[in-house]
Structure formats: structure tokens, C-alpha cells
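Enquirer: Here it is, the structure, as C-alpha cells.
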Amino acid sequence: MLKTSLAIAIGLSSSLAFAQSAITVEDIPKVKSVIQTTVSPDGDSVAFTRSLPRTLYVDENGSNYSELFVVDDKGVERPFITGSVNIKSLQWSNDSKTIYFLAKLKDDKYTSLYQIPVDGGQAQAVMSLKDTSISSYQLSPDNKQVAILAMPAADKSEKELKKLGFKAEVYELGLKNKQLFIVDLAKADKPLTPTALNVDNYVSDVNWAANGEKLLVKTQPTALIDDKYTKSMWHLFDIASNKVTLSFKTEGKLGDAELSHDGKYIAILGAEDKHDPATGRLFIADTKTAEITEWLPNFMGHVVDVEWSHKRNTLNFIANVGTESFVASIKTGSNKYKKLVKEGKFIASGLSVSDSDKTLALRGNTAKHPNEVFIVRSNKAKRLTDSNSWLNDKRFAKQETITLKARDGVELDGVLVYPLDYEKGTRYPLIMSVHGGPESHDKNGWVTNYSRPGQMGAARGYAVFYPNYRGSTGKGVDYSKLGQNDYAGKEFDDLVDFKNHLVDMGLVDTKRVGITGGSYGGYASAWGATKLTEHFAASVMFVGVTNQLSKFGTTDISNEMNLVHARSYPWDKWQWYLERSPIYWAGQSETPLLIMHGKDDPRVHPAQSMELYRYMKVQGKDVRLVYYPGEGHGNRKVAAQYDYSLRLMRWMDNYLMEGKKDMPAFEIDHAAKLKAVVDQLIKKTIDPFIAKPG
């Protein structure tokens, strides 16, 4: 009897320890992450912003806050502006004594430019614009001027007319252009109304030349997102003459650009052609002739960030290759690069370079932590921050990249998270989490968030897999085009090949496989629940495509869809588009489908979810639709994210873990959770005032 009781006690103790050490759905809303990093010119410190999650059932609904910190090269961190704030767009003064940033502080109605001294003192407003927010800014190299991008202030009569009920909107007409201003960097006590520079169209980005005499200016015809994707252009703007002197013609999508220290060259991230889905090609342009050449022709990856050195014509860059990333440098006149941080160290982003070129700062994440601050010196990387020290006490499941050949021989890869406490020879349920785009790819770093189970799923006993199906980035342009003109064809057949491979490994129970994803991944999830229903026992679709005919007419990226996805128009082949739509196959579905969608989504209209819901519901299928008011193409606010996580995991548990046939309850008892939090807060408030006996 004693042995039995002892065994039970030990078992309960072990279960409790397991629960405390594994990542749970309750942990996800608490995760902090570094958002922006910028190294000081002297290379001694890094200013960075870190997300501050809102407290569920306590804080007012909204997205995470963003706080300002500085960390030195030894890892000593200092908080500068914390709490319920949203700090963004960090830049250092050229003497490394001041940090500039954008924010709404105190009673600000519009976003203003602020500064804070590094050696101590309060944040001070530098300047604001009259009746409009500063969208972005760039300090001139000598810190005497600042280039500002902002939308024109709204006419006061517009506000009055709206109050009187005149709110008619003419779709895609009457749009205002974001404008460029150059203002002296001197503290202004009153909001400014500067004169816009002579630049036509919508200005979306700007970069100074090192001598302060010219600006790189990026424009697009209108504010429409489709114009940003397909019609952007970089120009060289002369400050003295107030004119564009050169324009750099590229085809297709266009990313960042930066002038070399001597102004002779421009590094540009762009596309190979108008059908290239991503801005992963590195180009170099001559500022005298505007001639553009591809710097790394046939590069079998995607360059994602660039920063010139300050003392020589050497470009530092970050590239994604497969599921990994590396940091490298390359000299003008050469197409051979030197790796500074090799693949497998961390997934890098957000590069900045000190004035001496000896210190690089960036963000990095791994399988065991989200983005943190790293510096690179003498080809050695050092992590400086630990935003989630509590993660150090968590147990992480094994995570690795796996590769295989598709049925037609195409090389595929993906990221596999094994079940926590995985035992060889045991078969587990699988959640396949499919990325969107499809011009995106999953990397072997931090893979867990509110809509992607990752380590949270592994802790519950799932294998979780992130497939980089054909059409994903990270393997060069040709690979990223493999899914074009073949909606839901071989690209989604790849998902079945991935599943079969995991089953053949002996890891996965073929009858307990779920699929989920958002956007194009939501399309895959809907396809898995309809056309490929025999392969998936449960599906959760998020902001997904269900009808390719109506999708084209209701999205804000119809031109981009034609150029880099469909390579045709619906009226070219109506029946083909219909047959590549999940609604067409709804009648054969045997897969329970949970659909979730932001009610204000401009990219994939919420009606896409309504269509598939109705097609399945009328035919007696197991389907549920959840809308999130105030959310767009993905949930941004903490309450909606948490609710999503609960519903996602409950749906998968119901069918894959518990083997139930009926749908789980649709209610989530948030009222009980609220009461528990309130009771806990009251207890914490009262306890200090309760006198201890004796």
C-alpha cells in the first residue's frame, strides 16, 4: 500500500514538473522579442526595441507595446523608455550620445520625432508636423537636417463633412501621396508645416548619401499595395537643385537600396524579372550611368538585408539559404563573398554597422529563443540580450531540418519539431503548419507563435512540421517559380509527399495528421480538407483562399497575383480556376474544418471563409467559422491571438489526440478566466495588508 501511494505521489510530482517545464499555450502570449537593433557609431552599444506583451484579461485590447533599451558590448542592458509605449525607428546621432525615435508620448495626437540622451535624462520632443504623423525619417550624416516622410494633413472640412454624414468612398480613387520633406534638425516648439520636395508620386522610402548632398528616394504611382509590389522605382535626388537626377529601372518587386560611402555605387535588393516572387536578388548600380548589374548571378538563396561599410566599398549582407541564414561581406568588383557568420549559428536579420566597420549588430533567433541582440566582431558572433530568461528553464523538443525528393524528383526541405520526450518506434500525431506566400519559407530557428504550434505542440505530444513546398524562397529564383501557373497543383502534392515521408520514417501515425496555415497556408489547409481530404484528419484554415475566381476580384494584390502566382487571368480559363478552388471539392470533404479569419482583412476578403463555410455547411460537413472583428490579414491584438491559439489546439486535440468524431464546443469560457485573473489580482493586493499571526 505504501509503495503504491509513493508511486502515485512520484507520478503526480513528475506530471507537475513536466507541466511546469514544457511550453504551453499560456506561455505564448508572454514571449518577448527584439524588434529593431541599431549599433552606435562608435560601436560600443546597441539601441534596440523589445516587444512587451499586454497582460491578458487585464490590459486594454491591443498589440504588444515596444520598449526602448540600450545594451553594451558586454551584455549590460539599460532600460530607457518602458511601459505602455510604442517606440520605433531608432537612429543614433553621429556622436553616439543621442538616440532618436518616433513615438506618441504623453498627450501626442500624432507620431512625433523624439530624442533621448544616452548618458541620462528624459525623452524630449524634437519636432512634429501640423495635423499629421511622421511616417518615417532619416538623419543627414552631419545631423544638421532630417528627411521626413509623411501623409498630407487632412482638410478640416473633411472631418466636418464626415460628422454630417458625408462618408462616401470612391474605391481606389482620391488617394493621397506620402510626401518627402527636408527640415533643419533643430528643436521646434510648434508643429511644422514644411514644403514638400519636388518628387512625383507616392514616396515610400529614403536614404542619404554619405556627403549629405543627395538622397536615394523610392516611389510608386499610388498608395495601393499592388503598385508597391509591381511598380516601385528608386531615384537619385539632388538636394541643391531639388530635382531627381537619375532613375534606376528595375523590373518586378523592389526592396531596399543604399549608397556606398563614396557615392559611386548603390546596392539594390530587387527581383530577377516581373515574375520573380521575391526581392532576393542583389544588384549594384553605377550612380553616374544608372547602369544596373546583378552582383550575385545565379545565387541559390535570397539576400534579405544589406549595409555598406563606412570606410571602404564593401557590402555586408544577410542571406537565407534553405532553412538557414548567413552573414557575409563582398567587395565591389568581385562576386565572391566572405562569410562572417556561417549557417547554423542563428537566423539573422536587421543588420547595422558601426562607423569603424568593426562591429555589426543584428537580430538573431534559434530553435530555443526568439529574436535577441547579437554583435559580430572579427567574424565572431556574441549574443547580448536574454529577453525571456524563463525560457531557460523550459525543456525543448528536438528540432532539425529534413530533406526529401518529391514524387517528380524536386528537392524539398522543411523544419521538423519532434514530440517532447520522443521515443523511437512510437508513432505520433502530426500537425503540418504550412507557411503563406508562397514566396516565403520556414527557417530552422524560433518557430512557435500564436498560430504556429512549434514547441507548444511538441510539448503536447505532437510532431510539428513546417514544409518548404516548391514555390518557397531560400533556394533561388527558379525554385520560387515552380508553383506558378499551377495553383494547388504540385505545390500541394508536396505536402502529401512530406506526410508520407514522415510516416515512412516511423514517426507519424498516418491516420492522425492535421494541417493548418494562414493566407496561402490557409489555402493549403482548405485544399487539405477538401481535395486532399483522405490525407488529413483535421484542418484549421486561417485567412485562407477558397475560391480563386472571387479572390481575384476582392483582393488588393490582383496584379501581383497575375504576375507571380497565376500567370494568367480568371477569364482566360474559368473552369481551371474553379477546379483549383477548395469550394469545388467541398462535397467530398471528410475532414473537420475550423475556419478563422480577420473581419477586416484587405488581402484575402473574409467572404472567402464564408464561401467555403457555406458550401460545406449546406452539404452537412463538419465546419465552423470564427471571425475576429478589428483584425486584418493575421491577428495583431493579444486577445484575438490567444483566442486563436486555444481554438487551434482544441480542434487538433479533439480529433488527433482524443479521437472524437463530434466537433468540440464552440464556446471558450473567457469569463471564468477573467474572474480567475481578477481574483488573483485582488489576492495580491490584499495579502500584504494581512498581518501575520504572532
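Note on naming: chains are A, B, ... as they come in the C-alpha cells, residues start from 1 per chain, ligands start from 1 in the order shown.
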Which residues are near Thr359 (chain A)? Cut-off 10 Å, only C-alpha atoms, ignore same chain within fewer than 3 positions. Put them as a VMD selection string.
Expert: chain A and resid 39 to 45 73 352 to 356 375 to 379 381
Enquirer: What does the file look like for those residues with C-alpha atoms, as a PDB file, in the first residue's frame?
Expert:
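Written out: result32.pdb:
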```
ATOM      1  CA  VAL A  39      24.601  49.846 -33.347  1.00  0.00           C
ATOM      2  CA  SER A  40      26.049  53.142 -32.130  1.00  0.00           C
ATOM      3  CA  PRO A  41      28.539  54.830 -34.495  1.00  0.00           C
ATOM      4  CA  ASP A  42      31.357  54.190 -32.001  1.00  0.00           C
ATOM      5  CA  GLY A  43      30.401  50.501 -31.879  1.00  0.00           C
ATOM      6  CA  ASP A  44      30.203  50.354 -28.072  1.00  0.00           C
ATOM      7  CA  SER A  45      26.431  49.971 -27.675  1.00  0.00           C
ATOM      8  CA  ASP A  73      29.111  45.075 -25.864  1.00  0.00           C
ATOM      9  CA  SER A 352      23.611  47.659 -38.866  1.00  0.00           C
ATOM     10  CA  VAL A 353      27.323  48.644 -38.994  1.00  0.00           C
ATOM     11  CA  SER A 354      29.455  50.870 -36.744  1.00  0.00           C
ATOM     12  CA  ASP A 355      31.465  53.749 -38.225  1.00  0.00           C
ATOM     13  CA  SER A 356      34.727  51.823 -37.822  1.00  0.00           C
ATOM     14  CA  ILE A 375      27.004  41.651 -32.374  1.00  0.00           C
ATOM     15  CA  VAL A 376      29.662  40.379 -34.756  1.00  0.00           C
ATOM     16  CA  ARG A 377      33.326  41.297 -34.357  1.00  0.00           C
ATOM     17  CA  SER A 378      36.309  39.653 -36.027  1.00  0.00           C
ATOM     18  CA  ASN A 379      33.953  37.098 -37.560  1.00  0.00           C
ATOM     19  CA  ALA A 381      29.101  36.446 -33.052  1.00  0.00           C
TER      20      ALA A 381
END
```
Enquirer: Can you tell me which residues surround region 427-435 of chain A at a distance of at most 9 Å, considering only C-alpha atoms, apart from same-chain residues fewer than 3 positions away, and format the answer as number ranges by chain?
Expert: A: 419, 422-424, 438, 440-442, 451-454, 457, 461-469, 472, 495, 499, 502-503, 506-522, 524-525, 652, 656-657
Enquirer: Based on DSSP run over this structure's backbone, return all residues of region 187-379 of chain A in strand (DSSP E), as a PyMOL selection string.
Expert: chain A and resi 202-208+214-220+233-238+243-248+254-259+265-270+281-286+292-294+302-308+314-321+324-331+337-341+347-353+360-366+369-377
Enquirer: List the spatial neighbours of region 243-250 of chain A as a PyMOL selection string - criterion: any atom at most 9 Å away, only C-alpha atoms, same-chain residues fewer than 2 positions off excluded.
Expert: chain A and resi 197-199+217+232-241+252-254+270-274+285+287-292
Enquirer: Deliver the residues from the most recent selection as a file, using C-alpha atoms, as a short mmCIF file (atom, residue, chain, number, x, y, z; two decimals), in the first residue's frame.
Expert:
```cif
data_model
loop_
_atom_site.label_atom_id
_atom_site.label_comp_id
_atom_site.auth_asym_id
_atom_site.auth_seq_id
_atom_site.Cartn_x
_atom_site.Cartn_y
_atom_site.Cartn_z
CA LEU A 197 10.18 68.35 -52.09
CA ASN A 198 9.70 68.14 -55.82
CA VAL A 199 9.16 64.37 -56.08
CA VAL A 217 14.24 58.15 -52.97
CA SER A 232 8.18 50.83 -57.36
CA MET A 233 11.35 52.65 -58.51
CA TRP A 234 14.49 54.11 -56.91
CA HIS A 235 15.74 57.59 -57.85
CA LEU A 236 18.74 59.76 -57.03
CA PHE A 237 17.58 63.17 -55.79
CA ASP A 238 19.90 66.21 -55.75
CA ILE A 239 19.34 68.41 -52.68
CA ALA A 240 20.75 71.63 -54.20
CA SER A 241 18.68 71.55 -57.37
CA GLY A 252 9.37 43.41 -60.72
CA LYS A 253 9.36 43.69 -56.95
CA LEU A 254 11.78 46.14 -55.36
CA GLY A 270 15.19 43.52 -56.24
CA ALA A 271 13.73 40.82 -58.43
CA GLU A 272 15.17 38.97 -61.39
CA ASP A 273 12.15 39.89 -63.52
CA LYS A 274 8.48 40.81 -63.17
CA ALA A 285 24.11 50.27 -59.75
CA THR A 287 25.50 56.40 -59.92
CA LYS A 288 26.99 58.07 -62.99
CA THR A 289 25.38 55.94 -65.68
CA ALA A 290 22.44 54.34 -63.78
CA GLU A 291 23.61 51.00 -65.19
CA ILE A 292 22.45 48.08 -63.05
#
```
Enquirer: To one decimal in Å, tell me the separation between CA of Gln641 (chain A) and CA of Asn449 (chain A).
Expert: 9.1 Å
Enquirer: List the spatial neighbours of Asn86 (chain A) as a PyMOL selection string - criterion: any atom at most 8 Å away, only C-alpha atoms, same-chain residues fewer than 2 positions off excluded.
Expert: chain A and resi 65-67+84+88+103-104
Enquirer: From the set A:Phe283, A:Phe80, A:Tyr479, A:Trp308, which residue has the shortest atom-to-atom contact distance to Val321 (chain A), counting only C-alpha atoms?
Expert: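 Result for the nearest residue to Val321 (chain A): A:Tyr479.
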Enquirer: If we count only C-alpha atoms, what is near Trp527 (chain A) at a cut-off of 9 Å, once residues fewer than 4 positions away on the same chain are taken out, given as an mmCIF file with C-alpha atoms, in the first residue's frame?
Expert:
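Everything below was put into result38.cif:
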```cif
data_model
loop_
_atom_site.group_PDB
_atom_site.id
_atom_site.type_symbol
_atom_site.label_atom_id
_atom_site.label_comp_id
_atom_site.auth_asym_id
_atom_site.auth_seq_id
_atom_site.Cartn_x
_atom_site.Cartn_y
_atom_site.Cartn_z
ATOM 1 C CA ALA A 488 -2.795 23.897 -55.662
ATOM 2 C CA PHE A 492 0.301 20.928 -52.515
ATOM 3 C CA GLY A 522 -4.735 28.729 -45.281
ATOM 4 C CA TYR A 523 -5.362 27.875 -48.924
ATOM 5 C CA LYS A 531 -9.394 17.893 -52.470
ATOM 6 C CA LEU A 532 -6.837 16.014 -50.326
ATOM 7 C CA THR A 533 -9.288 15.048 -47.596
ATOM 8 C CA THR A 546 -11.198 29.159 -51.021
ATOM 9 C CA ARG A 580 -8.246 24.899 -58.244
ATOM 10 C CA SER A 581 -10.634 26.251 -55.587
ATOM 11 C CA PRO A 582 -11.476 24.335 -52.373
ATOM 12 C CA ILE A 583 -15.190 25.189 -52.748
ATOM 13 C CA TRP A 585 -14.293 19.943 -53.765
#
```
Enquirer: May I have the residues within 12 Å of region 56-61 of chain A as a ChimeraX atom specification, using only C-alpha atoms and disregarding those fewer than 5 positions away in the same chain?
Expert: /A:26-30,83-84,630-631,636-643,670-681
Enquirer: Neighbouring residues of Lys106 (chain A) were defined as those with any atom within 12 Å, considering only C-alpha atoms; residues of the same chain fewer than 5 positions away were excluded. Please report them as a count of residues only.
Expert: 8
